[in-house]
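One file, my_file21.txt, is given below (compact mmCIF, C-alpha atoms).
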```
# COMPACT_ATOMS: atom_id res chain seq x y z
CA MET B 1 -41.99 -34.14 -47.57
CA LYS B 2 -40.59 -30.93 -46.12
CA LEU B 3 -36.83 -30.93 -45.68
CA ILE B 4 -35.37 -28.08 -43.59
CA LEU B 5 -31.70 -27.52 -44.36
CA PRO B 6 -28.99 -26.41 -41.88
CA ASP B 7 -29.16 -22.79 -43.09
CA GLY B 8 -32.88 -22.62 -42.26
CA SER B 9 -34.11 -22.78 -45.86
CA PHE B 10 -36.41 -25.64 -46.85
CA ARG B 11 -37.28 -27.81 -49.81
CA LEU B 12 -40.40 -29.80 -50.62
CA LEU B 13 -39.54 -33.28 -51.86
CA ASP B 14 -41.83 -35.57 -53.81
CA GLN B 15 -40.44 -38.60 -52.02
CA GLU B 16 -41.43 -42.26 -51.86
CA PRO B 17 -41.07 -43.75 -48.36
CA SER B 18 -37.36 -44.26 -47.78
CA THR B 19 -34.70 -44.05 -45.10
CA VAL B 20 -33.13 -40.84 -43.79
CA GLU B 21 -29.81 -42.09 -45.15
CA VAL B 22 -31.16 -42.21 -48.72
CA ILE B 23 -32.49 -38.65 -48.45
CA LEU B 24 -29.20 -37.34 -47.02
CA GLN B 25 -27.24 -39.05 -49.78
CA GLN B 26 -29.54 -37.50 -52.40
CA GLU B 27 -28.72 -34.12 -50.83
CA GLY B 28 -24.97 -34.85 -50.80
CA VAL B 29 -24.81 -34.80 -46.99
CA ASN B 30 -22.65 -37.21 -44.99
CA PRO B 31 -24.91 -38.66 -42.25
CA ALA B 32 -21.95 -38.64 -39.82
CA GLU B 33 -21.80 -34.82 -39.96
CA VAL B 34 -25.43 -34.08 -39.15
CA MET B 35 -28.32 -34.91 -36.85
CA VAL B 36 -31.82 -35.29 -38.24
CA THR B 37 -35.04 -34.59 -36.35
CA ARG B 38 -38.66 -35.42 -37.22
CA ASP B 39 -41.21 -33.34 -35.33
CA GLY B 40 -38.38 -32.14 -33.09
CA LYS B 41 -37.24 -35.65 -32.14
CA LEU B 42 -33.90 -37.14 -33.13
CA ILE B 43 -34.07 -40.11 -35.50
CA THR B 44 -31.41 -42.49 -36.79
CA GLU B 45 -30.25 -42.54 -40.40
CA ASP B 46 -32.02 -45.85 -41.05
CA THR B 47 -35.40 -44.63 -39.82
CA LEU B 48 -38.15 -44.94 -42.44
CA VAL B 49 -39.67 -41.58 -43.38
CA ARG B 50 -42.79 -40.80 -45.42
CA GLY B 51 -44.25 -38.14 -47.67
CA ASP B 52 -45.99 -36.10 -44.96
CA ASP B 53 -42.97 -35.95 -42.64
CA GLU B 54 -41.08 -32.76 -41.84
CA LEU B 55 -37.36 -33.39 -41.41
CA ARG B 56 -34.75 -30.96 -40.14
CA ILE B 57 -31.04 -31.43 -40.90
CA ILE B 58 -28.78 -30.00 -38.18
CA ARG B 59 -25.07 -29.61 -38.89
CA ILE B 60 -22.98 -30.59 -35.86
CA SER B 61 -19.52 -29.19 -36.67
CA HIS B 62 -18.83 -25.55 -35.96
CA GLY B 63 -15.05 -25.40 -35.70
CA GLY B 64 -13.23 -23.30 -33.12
CA MET O 29 -32.51 -61.59 -25.05
CA SER O 30 -32.99 -58.71 -27.51
CA PRO O 31 -35.79 -56.28 -26.71
CA GLU O 32 -38.89 -56.32 -28.92
CA PRO O 33 -38.64 -53.67 -31.63
CA VAL O 34 -41.19 -50.85 -31.62
CA CYS O 35 -43.08 -50.85 -34.96
CA THR O 36 -42.89 -47.16 -35.94
CA GLY O 37 -40.34 -47.27 -38.75
CA ILE O 38 -37.79 -46.29 -36.08
CA PRO O 39 -35.14 -48.84 -35.02
CA ALA O 40 -35.43 -49.94 -31.39
CA CYS O 41 -32.91 -49.26 -28.62
CA SER O 42 -30.68 -52.34 -28.22
CA VAL O 43 -31.00 -52.01 -24.43
CA CYS O 44 -34.70 -51.26 -23.73
CA GLY O 45 -36.62 -51.44 -27.01
CA GLU O 46 -37.72 -47.78 -26.95
CA PRO O 47 -37.30 -45.76 -30.19
CA ALA O 48 -33.59 -45.28 -30.91
CA ILE O 49 -32.15 -41.82 -31.53
CA ILE O 50 -28.68 -42.90 -32.61
CA HIS O 51 -27.01 -45.81 -34.38
CA GLN O 52 -23.59 -46.46 -32.86
CA ARG O 53 -22.19 -47.87 -36.06
CA HIS O 54 -18.84 -48.89 -34.53
CA THR O 55 -20.58 -51.15 -31.97
CA GLY O 56 -23.64 -52.01 -34.08
CA ARG O 57 -25.94 -50.87 -31.25
CA TYR O 58 -28.96 -48.60 -31.39
CA LEU O 59 -29.56 -46.38 -28.35
CA CYS O 60 -32.50 -44.33 -27.10
CA GLY O 61 -31.84 -40.95 -25.46
CA THR O 62 -31.74 -42.33 -21.92
CA HIS O 63 -29.26 -45.05 -22.79
CA LEU O 64 -27.08 -42.74 -24.90
CA VAL O 65 -26.73 -40.43 -21.88
CA THR O 66 -25.87 -43.40 -19.64
CA ASP O 67 -23.46 -44.87 -22.19
CA ILE O 68 -21.54 -41.60 -22.67
CA GLY O 69 -21.36 -41.03 -18.89
CA ASN O 70 -19.96 -44.53 -18.42
CA ARG O 71 -17.40 -44.19 -21.21
CA VAL O 72 -16.14 -40.84 -19.96
CA SER O 73 -15.91 -42.22 -16.43
CA ASP O 74 -13.95 -45.25 -17.74
CA THR O 75 -11.57 -43.01 -19.73
CA ILE O 76 -10.88 -40.85 -16.69
CA ALA O 77 -10.37 -43.86 -14.41
CA SER O 78 -8.24 -45.94 -16.79
CA GLN O 79 -5.85 -43.05 -17.49
CA GLN O 80 -6.04 -41.61 -13.95
CA GLN O 81 -6.93 -38.31 -15.58
CA VAL O 82 -8.45 -36.95 -12.37
CA ILE O 83 -7.39 -37.98 -8.87
CA SER O 84 -8.29 -36.91 -5.36
CA GLY O 85 -6.95 -33.42 -4.61
CA ASP O 86 -7.09 -32.25 -8.22
CA ARG O 87 -8.27 -28.79 -9.16
CA VAL O 88 -9.42 -29.23 -12.75
CA ALA O 89 -9.50 -26.26 -15.11
CA VAL O 90 -12.13 -27.03 -17.75
CA ALA O 91 -11.58 -25.22 -21.05
CA LEU O 92 -15.07 -23.87 -21.72
CA SER O 93 -15.51 -22.15 -25.09
CA GLY O 94 -19.28 -22.48 -24.85
CA GLY O 95 -19.37 -24.69 -27.95
CA LYS O 96 -20.90 -28.15 -27.88
CA ASP O 97 -17.85 -30.19 -26.86
CA SER O 98 -16.77 -28.04 -23.93
CA THR O 99 -20.38 -27.66 -22.80
CA ALA O 100 -20.80 -31.45 -22.72
CA LEU O 101 -17.42 -31.80 -21.00
CA LEU O 102 -18.30 -29.45 -18.14
CA ILE O 103 -21.71 -31.11 -17.66
CA LEU O 104 -20.16 -34.59 -17.61
CA LEU O 105 -17.36 -33.60 -15.21
CA HIS O 106 -19.88 -31.81 -12.99
CA ARG O 107 -22.04 -34.95 -12.90
CA LEU O 108 -19.00 -37.04 -11.96
CA PHE O 109 -17.26 -34.71 -9.53
CA GLY O 110 -19.69 -31.90 -8.66
CA SER O 111 -20.54 -33.37 -5.28
CA ARG O 112 -16.94 -34.34 -4.37
CA ASN O 113 -15.18 -32.17 -1.79
CA ASP O 114 -11.72 -33.42 -2.80
CA ILE O 115 -11.99 -32.41 -6.48
CA ARG O 116 -12.70 -28.85 -7.66
CA LEU O 117 -13.77 -27.69 -11.13
CA VAL O 118 -12.99 -24.24 -12.54
CA ALA O 119 -14.22 -23.21 -15.98
CA VAL O 120 -11.76 -21.21 -18.12
CA THR O 121 -12.99 -19.29 -21.16
CA VAL O 122 -10.73 -17.67 -23.74
CA ASP O 123 -12.11 -14.71 -25.68
CA GLU O 124 -10.03 -14.64 -28.86
CA GLY O 125 -11.93 -11.65 -30.22
CA ILE O 126 -13.70 -13.10 -33.27
CA TYR O 127 -16.46 -10.69 -34.22
CA GLY O 128 -19.85 -12.26 -34.89
CA TYR O 129 -18.78 -15.68 -33.60
CA ARG O 130 -17.44 -15.61 -30.08
CA GLU O 131 -20.11 -13.41 -28.48
CA ALA O 132 -22.79 -16.13 -28.58
CA THR O 133 -20.52 -18.91 -27.31
CA ILE O 134 -19.19 -16.73 -24.45
CA ARG O 135 -22.77 -15.97 -23.35
CA SER O 136 -23.49 -19.69 -23.47
CA ALA O 137 -20.35 -20.46 -21.39
CA GLU O 138 -21.24 -17.85 -18.75
CA SER O 139 -24.78 -19.12 -18.50
CA LEU O 140 -23.70 -22.77 -18.08
CA ALA O 141 -21.07 -22.02 -15.43
CA ARG O 142 -23.61 -19.95 -13.49
CA ARG O 143 -26.27 -22.68 -13.75
CA LEU O 144 -23.85 -25.36 -12.51
CA ASN O 145 -22.42 -23.02 -9.87
CA VAL O 146 -18.88 -23.58 -11.17
CA GLU O 147 -16.23 -20.88 -10.68
CA HIS O 148 -15.54 -19.19 -14.04
CA ILE O 149 -12.38 -17.39 -15.19
CA SER O 150 -12.05 -15.52 -18.51
CA VAL O 151 -8.90 -14.45 -20.34
CA SER O 152 -8.80 -12.53 -23.60
CA PHE O 153 -6.32 -12.17 -26.46
CA GLY O 154 -6.64 -8.40 -25.99
CA GLU O 155 -5.41 -8.66 -22.41
CA LEU O 156 -2.61 -11.17 -23.16
CA PHE O 157 -1.47 -10.29 -26.67
CA GLY O 158 -2.55 -6.68 -27.04
CA ASP O 159 -5.25 -7.17 -29.69
CA SER O 160 -8.16 -9.31 -30.81
CA LEU O 161 -7.55 -12.27 -33.14
CA ASP O 162 -9.40 -10.39 -35.88
CA THR O 163 -6.81 -7.59 -35.70
CA LEU O 164 -3.81 -9.90 -35.29
CA LEU O 165 -4.83 -11.85 -38.39
CA LYS O 166 -5.11 -8.91 -40.80
CA GLY O 167 -3.40 -10.16 -43.99
CA ARG O 168 -2.66 -13.54 -42.43
CA GLU O 169 -6.14 -15.11 -42.63
CA GLN O 170 -4.78 -18.24 -44.34
CA GLN O 171 -2.79 -19.01 -41.16
CA ALA O 172 -5.74 -18.33 -38.87
CA CYS O 173 -6.01 -21.76 -37.25
CA SER O 174 -2.26 -22.14 -36.67
CA ILE O 175 -1.95 -18.69 -35.12
CA CYS O 176 -5.13 -18.99 -33.07
CA GLY O 177 -4.17 -22.51 -31.92
CA ILE O 178 -0.82 -21.35 -30.52
CA LEU O 179 -2.23 -18.24 -28.82
CA ARG O 180 -5.30 -20.03 -27.48
CA LYS O 181 -3.16 -22.78 -25.97
CA LYS O 182 -1.08 -20.14 -24.19
CA ALA O 183 -4.23 -18.30 -23.02
CA LEU O 184 -5.71 -21.51 -21.63
CA VAL O 185 -2.53 -22.24 -19.70
CA VAL O 186 -2.57 -18.70 -18.25
CA GLY O 187 -6.20 -19.20 -17.24
CA ALA O 188 -5.45 -22.61 -15.71
CA GLU O 189 -2.49 -21.15 -13.78
CA ARG O 190 -4.69 -18.32 -12.47
CA ALA O 191 -7.18 -20.97 -11.37
CA GLY O 192 -4.42 -22.81 -9.49
CA ALA O 193 -5.25 -25.90 -11.56
CA THR O 194 -3.45 -29.24 -11.35
CA LYS O 195 -5.09 -30.50 -14.59
CA LEU O 196 -6.38 -28.82 -17.73
CA ALA O 197 -9.36 -30.62 -19.30
CA THR O 198 -10.27 -29.95 -22.92
CA GLY O 199 -13.30 -31.09 -24.91
CA HIS O 200 -11.42 -32.87 -27.70
CA ASN O 201 -13.62 -35.69 -28.95
CA LEU O 202 -12.83 -38.87 -30.88
CA ASP O 203 -13.23 -37.10 -34.24
CA ASP O 204 -10.78 -34.34 -33.18
CA GLU O 205 -8.24 -36.84 -31.91
CA ALA O 206 -8.44 -39.11 -34.97
CA GLN O 207 -8.15 -36.04 -37.24
CA SER O 208 -5.01 -34.98 -35.35
CA VAL O 209 -3.45 -38.41 -35.80
CA LEU O 210 -4.12 -38.32 -39.54
CA MET O 211 -2.92 -34.70 -39.86
CA ASN O 212 0.32 -35.51 -38.04
CA VAL O 213 0.86 -38.46 -40.37
CA LEU O 214 0.13 -36.29 -43.42
CA ARG O 215 2.61 -33.64 -42.15
CA GLY O 216 5.20 -36.27 -41.22
CA ASP O 217 5.22 -34.82 -37.69
CA LEU O 218 6.47 -37.75 -35.62
CA PHE O 219 7.05 -35.57 -32.54
CA ARG O 220 3.39 -34.57 -32.30
CA LEU O 221 2.24 -38.05 -33.27
CA VAL O 222 3.94 -39.70 -30.29
CA ARG O 223 3.53 -36.85 -27.78
CA ASN O 224 1.16 -37.43 -24.89
CA SER O 225 0.51 -34.12 -23.14
CA GLY O 226 -1.50 -35.92 -20.45
CA THR O 227 1.39 -37.91 -19.07
CA ASP O 228 4.57 -36.39 -20.53
CA SER O 229 4.55 -33.20 -18.46
CA GLY O 230 7.52 -34.19 -16.28
CA GLY O 231 6.22 -31.61 -13.83
CA GLN O 232 7.01 -28.83 -16.32
CA PHE O 233 3.44 -27.92 -17.25
CA ILE O 234 -0.13 -28.56 -16.17
CA PRO O 235 -1.08 -31.97 -17.64
CA ARG O 236 -3.85 -31.83 -20.23
CA ILE O 237 -6.62 -34.38 -20.09
CA LYS O 238 -9.22 -35.26 -22.72
CA PRO O 239 -12.11 -37.13 -21.09
CA LEU O 240 -14.19 -37.10 -24.32
CA MET O 241 -11.45 -38.64 -26.46
CA TYR O 242 -13.44 -41.83 -27.09
CA VAL O 243 -16.81 -40.16 -27.71
CA GLN O 244 -17.77 -39.28 -31.28
CA GLU O 245 -18.76 -35.74 -32.20
CA LYS O 246 -22.23 -36.87 -33.30
CA GLU O 247 -22.78 -38.62 -29.97
CA ILE O 248 -21.87 -35.39 -28.13
CA ALA O 249 -24.26 -33.32 -30.24
CA SER O 250 -27.02 -35.90 -29.69
CA TYR O 251 -26.27 -35.92 -25.94
CA LEU O 252 -26.88 -32.15 -25.78
CA MET O 253 -30.07 -32.50 -27.84
CA ILE O 254 -31.36 -35.11 -25.39
CA LEU O 255 -30.53 -32.85 -22.42
CA GLY O 256 -32.39 -30.04 -24.21
CA ILE O 257 -29.41 -27.68 -24.30
CA TRP O 258 -28.25 -27.98 -27.92
CA GLU O 259 -27.62 -24.54 -29.42
CA ASP O 260 -27.14 -24.04 -33.14
CA LEU O 261 -24.16 -21.72 -32.78
CA PRO O 262 -22.42 -19.97 -35.67
CA GLU O 263 -19.41 -21.51 -37.40
CA CYS O 264 -15.98 -20.00 -36.78
CA PRO O 265 -15.42 -17.70 -39.81
CA TYR O 266 -11.78 -18.76 -40.05
CA SER O 267 -12.42 -22.54 -40.22
CA ILE O 268 -12.67 -22.37 -44.04
CA HIS O 269 -8.87 -21.99 -44.12
CA ALA O 270 -8.11 -25.06 -42.04
CA LEU O 271 -6.48 -28.30 -43.20
CA ARG O 272 -8.50 -29.85 -40.39
CA ARG O 273 -11.71 -29.04 -42.21
CA GLU O 274 -10.57 -31.10 -45.21
CA VAL O 275 -9.34 -33.95 -43.02
CA ARG O 276 -12.61 -33.89 -41.04
CA SER O 277 -14.64 -34.29 -44.20
CA ILE O 278 -12.48 -37.13 -45.55
CA LEU O 279 -12.33 -38.98 -42.24
CA SER O 280 -16.03 -38.72 -41.42
CA GLY O 281 -16.83 -40.18 -44.87
CA ILE O 282 -14.44 -43.09 -44.27
CA GLU O 283 -15.83 -43.59 -40.75
CA TYR O 284 -19.38 -43.77 -42.07
CA ARG O 285 -18.50 -46.36 -44.72
CA HIS O 286 -16.03 -48.25 -42.48
CA PRO O 287 -17.23 -47.85 -38.87
CA GLY O 288 -14.48 -48.04 -36.26
CA THR O 289 -11.82 -46.36 -38.42
CA MET O 290 -11.36 -43.48 -35.94
CA LEU O 291 -10.98 -45.84 -32.98
CA ARG O 292 -8.46 -47.92 -34.93
CA LEU O 293 -6.45 -44.75 -35.67
CA MET O 294 -6.37 -44.05 -31.92
CA GLU O 295 -5.32 -47.63 -31.14
CA ASN O 296 -2.50 -47.35 -33.67
CA LYS O 297 -1.37 -44.03 -32.22
CA LYS O 298 -1.15 -45.74 -28.84
CA LYS O 299 1.02 -48.51 -30.35
CA VAL O 300 3.37 -45.93 -31.88
CA GLU O 301 3.47 -44.06 -28.55
CA THR O 302 4.42 -47.29 -26.77
CA ALA O 303 7.10 -48.09 -29.35
CA PHE O 304 8.70 -44.67 -28.79
CA SER O 305 8.17 -44.61 -25.04
CA GLY O 306 11.24 -43.24 -23.23
CA LYS O 307 12.89 -42.12 -26.48
CA THR O 308 13.52 -38.45 -27.25
CA ILE O 309 12.14 -37.28 -30.60
CA GLY O 310 13.71 -34.04 -31.84
CA GLU O 311 15.23 -31.69 -29.32
CA PRO O 312 14.77 -32.43 -25.60
CA VAL O 313 12.26 -30.29 -23.70
CA GLY O 314 13.87 -27.14 -22.32
CA ARG O 315 12.67 -23.68 -21.32
CA CYS O 316 11.83 -20.74 -23.55
CA GLN O 317 14.55 -18.09 -23.15
CA GLU O 318 11.93 -15.32 -23.10
CA CYS O 319 8.90 -16.53 -21.16
CA GLY O 320 10.27 -19.64 -19.42
CA ASP O 321 7.55 -21.95 -20.77
CA PRO O 322 8.61 -25.53 -21.62
CA CYS O 323 9.53 -25.90 -25.30
CA ASN O 324 11.78 -27.67 -27.80
CA GLY O 325 14.34 -25.08 -28.86
CA ARG O 326 15.38 -21.58 -27.84
CA LEU O 327 11.95 -19.95 -28.04
CA CYS O 328 8.48 -21.40 -27.53
CA GLN O 329 5.98 -21.28 -30.39
CA CYS O 330 4.07 -18.44 -28.73
CA CYS O 331 7.14 -16.19 -28.39
CA GLN O 332 8.22 -17.01 -31.96
CA LEU O 333 4.75 -16.04 -33.12
CA ARG O 334 4.74 -12.82 -31.08
CA HIS O 335 7.98 -11.81 -32.82
CA SER O 336 6.58 -12.56 -36.25
CA LEU O 337 3.45 -10.54 -35.42
CA GLY O 338 5.58 -7.68 -34.14
CA ARG O 339 4.16 -7.97 -30.60
```
Translate the structure described by the file into structure tokens.
Amino acid sequence: MKLILPDGSFRLLDQEPSTVEVILQQEGVNPAEVMVTRDGKLITEDTLVRGDDELRIIRISHGG
Amino acid sequence: MSPEPVCTGIPACSVCGEPAIIHQRHTGRYLCGTHLVTDIGNRVSDTIASQQQVISGDRVAVALSGGKDSTALLILLHRLFGSRNDIRLVAVTVDEGIYGYREATIRSAESLARRLNVEHISVSFGELFGDSLDTLLKGREQQACSICGILRKKALVVGAERAGATKLATGHNLDDEAQSVLMNVLRGDLFRLVRNSGTDSGGQFIPRIKPLMYVQEKEIASYLMILGIWEDLPECPYSIHALRREVRSILSGIEYRHPGTMLRLMENKKKVETAFSGKTIGEPVGRCQECGDPCNGRLCQCCQLRHSLGR
């Protein structure tokens, strides 16, 4: 699975099918502070994702 | 009857059964993009109506930084009032002068106001206070948010006055409001905790309204994604110094584990407000001896700050 982080960098995860929430928690990210897209479409934190998915984490707080 | 779920590993919208894009944890509902847009529009409309935030004849100055909250606010207000002849919207943008941060959001604000055909007024710290925020903050970076907050509030009021506004709408969302409640409790600031700048104006200042106060930050970001106008804008370089940043992180974690916490904070603030209704906390509201703005004490916060900055 390809995981694109808010700063634009990415990581390849050897991941069993699991929910977005589990992946975010593994990455130390609070699901309330981000949006996650798969193939450009928003998905909820309890969506099931698989090994060939590409996920993008988008941080929503910018301050100011 | 609940809609049939769509079998794609994606939860189904609680309204129509299409793939959901957000889980509203505080209500337990899942919503697709279409129904999130409808739901937010309805909630904002209800907030405005229940608090009489906007009435016929109002000229509403909309604080438009170009960030996500103010962008959503102007779009929502334009959808509600854009075709009304008895209510006018004017966007007001403040350029604090934050190098590498504000340029992109100002471009975004200008573009949105033009696209919606909404009158747009800009005021800058340079024009009002003689220098950019970057310059004013030299050696005082730790106080960035306090200083910027005071000056930006003043700049917004100047912009709203220039627009001839009867209301000043800001894009504060539920997360912002709940954070403020918690911060005021942590600081022991009862005056700010019970103050309601939307109704307590007494005719002394332009009432502030917050139509997004019951919409979560994540819902607003998702709303803009669905409309196709989400922009991944840079983070304010000074936000690392803010107490709010710490409170935001703590509160969003609690909200995720205990959905509804932020709404309960708001409900409790309302109870405290009611309990103190009609009572004067601290000094009564008077006028600043230098600029004439309403304040508690001899000088308003902005004039006190100007003195301390040597301006």
Please give the centre and size of the box around segment 13-29 of chain B (axis-aligned, containing every atom listed in the file, 8 Å added per side), with values in Å to one decimal and written as lines of an AutoDock Vina configuration file.
```
center_x = -33.3
center_y = -38.8
center_z = -48.8
size_x = 33.0
size_y = 27.0
size_z = 26.0
```
(message) At a cut-off of 9 Å, using only C-alpha atoms, what residues contact segment 192-198 of chain O? Leave out same-chain residues fewer than 5 positions from it and give the result as number ranges by chain.
(response) O: 81-82, 85-92, 97-98, 101, 116-118, 184-185, 187, 226, 234-240
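The spacing separating atom CA of Arg285 of chain O from atom CA of Ile43 of chain B amounts to 19.1 Å.
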(message) Need the shell around Arg50 of chain B: protein/DNA/RNA residues with any atom at most 9 Å away, counting all atoms listed in the file. Skip same-chain ones fewer than 2 positions apart. Format as a list in words?
(response)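 The residues satisfying every condition are Met1, Gln15, Glu16, Pro17, Ser18, Thr19, Leu48, Asp52, Asp53 and Glu54 of chain B.
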Those residues you just picked out, can you put them in a file as a short mmCIF file (atom, residue, chain, number, x, y, z; two decimals), in the frame of the given file with C-alpha atoms?
```cif
data_model
loop_
_atom_site.label_atom_id
_atom_site.label_comp_id
_atom_site.auth_asym_id
_atom_site.auth_seq_id
_atom_site.Cartn_x
_atom_site.Cartn_y
_atom_site.Cartn_z
CA MET B 1 -41.99 -34.14 -47.57
CA GLN B 15 -40.44 -38.60 -52.02
CA GLU B 16 -41.43 -42.26 -51.86
CA PRO B 17 -41.07 -43.75 -48.36
CA SER B 18 -37.36 -44.26 -47.78
CA THR B 19 -34.70 -44.05 -45.10
CA LEU B 48 -38.15 -44.94 -42.44
CA ASP B 52 -45.99 -36.10 -44.96
CA ASP B 53 -42.97 -35.95 -42.64
CA GLU B 54 -41.08 -32.76 -41.84
#
```
(message) Can you work out which residues from chain O touch chain B at a cut-off of 7 Å (counting only C-alpha atoms) and hand them back as a list in words?
(response)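 Output check: Gly37, Ile38, Pro39, Ala48, Ile49, Ile50, His51, Lys246, Ala249, Pro262, Glu263, Cys264, Ser267, Ser280, Gly281 and Tyr284 of chain O.
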(message) Just want the 12 Å neighbourhood of Thr62 of chain O, counted on only C-alpha atoms, with same-chain residues fewer than 2 positions away dropped. Output as a PyMOL selection string.
(response) chain O and resi 41-50+58-60+64-69+250-255
Write a file of the selected residues as a PDB file, in the frame of the given file, keeping C-alpha atoms.
```
ATOM      1  CA  CYS O  41     -32.910 -49.260 -28.620  1.00  0.00           C
ATOM      2  CA  SER O  42     -30.680 -52.340 -28.220  1.00  0.00           C
ATOM      3  CA  VAL O  43     -31.000 -52.010 -24.430  1.00  0.00           C
ATOM      4  CA  CYS O  44     -34.700 -51.260 -23.730  1.00  0.00           C
ATOM      5  CA  GLY O  45     -36.620 -51.440 -27.010  1.00  0.00           C
ATOM      6  CA  GLU O  46     -37.720 -47.780 -26.950  1.00  0.00           C
ATOM      7  CA  PRO O  47     -37.300 -45.760 -30.190  1.00  0.00           C
ATOM      8  CA  ALA O  48     -33.590 -45.280 -30.910  1.00  0.00           C
ATOM      9  CA  ILE O  49     -32.150 -41.820 -31.530  1.00  0.00           C
ATOM     10  CA  ILE O  50     -28.680 -42.900 -32.610  1.00  0.00           C
ATOM     11  CA  TYR O  58     -28.960 -48.600 -31.390  1.00  0.00           C
ATOM     12  CA  LEU O  59     -29.560 -46.380 -28.350  1.00  0.00           C
ATOM     13  CA  CYS O  60     -32.500 -44.330 -27.100  1.00  0.00           C
ATOM     14  CA  LEU O  64     -27.080 -42.740 -24.900  1.00  0.00           C
ATOM     15  CA  VAL O  65     -26.730 -40.430 -21.880  1.00  0.00           C
ATOM     16  CA  THR O  66     -25.870 -43.400 -19.640  1.00  0.00           C
ATOM     17  CA  ASP O  67     -23.460 -44.870 -22.190  1.00  0.00           C
ATOM     18  CA  ILE O  68     -21.540 -41.600 -22.670  1.00  0.00           C
ATOM     19  CA  GLY O  69     -21.360 -41.030 -18.890  1.00  0.00           C
ATOM     20  CA  SER O 250     -27.020 -35.900 -29.690  1.00  0.00           C
ATOM     21  CA  TYR O 251     -26.270 -35.920 -25.940  1.00  0.00           C
ATOM     22  CA  LEU O 252     -26.880 -32.150 -25.780  1.00  0.00           C
ATOM     23  CA  MET O 253     -30.070 -32.500 -27.840  1.00  0.00           C
ATOM     24  CA  ILE O 254     -31.360 -35.110 -25.390  1.00  0.00           C
ATOM     25  CA  LEU O 255     -30.530 -32.850 -22.420  1.00  0.00           C
TER      26      LEU O 255
END
```
(request) Rank O:Gly110, O:Gly306, O:Gly167, O:Gly177 by their smallest atom-to-atom distance to Leu144 of chain O, using only C-alpha atoms, and report the top residue only. (result) O:Gly110
(request) Work out how far atom CA of Ser73 of chain O is from atom CA of Arg292 of chain O, in Å to one decimal. (result) 20.7 Å
(request) For segment 214-224 of chain O, work out the shell of residues within 10 Å, counting only C-alpha atoms and skipping chain neighbours fewer than 5 positions away, then give it as a list in words. (result)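 Once the nearby chain positions are removed, what remains is Ser208, Val209, Ser229, Pro235, Arg236, Ile237, Val275, Lys297, Lys298, Lys299, Val300, Glu301, Thr302, Ala303, Phe304, Ser305, Thr308, Ile309, Gly310 and Glu311 of chain O.
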(request) Please provide the set of residues having any atom within 7 Å of segment 316-329 of chain O, restricted to all atoms listed in the file, with same-chain residues fewer than 4 positions apart removed, written as a list in words. (result) Ile178, Gln232, Glu311, Pro312 and Leu333 of chain O
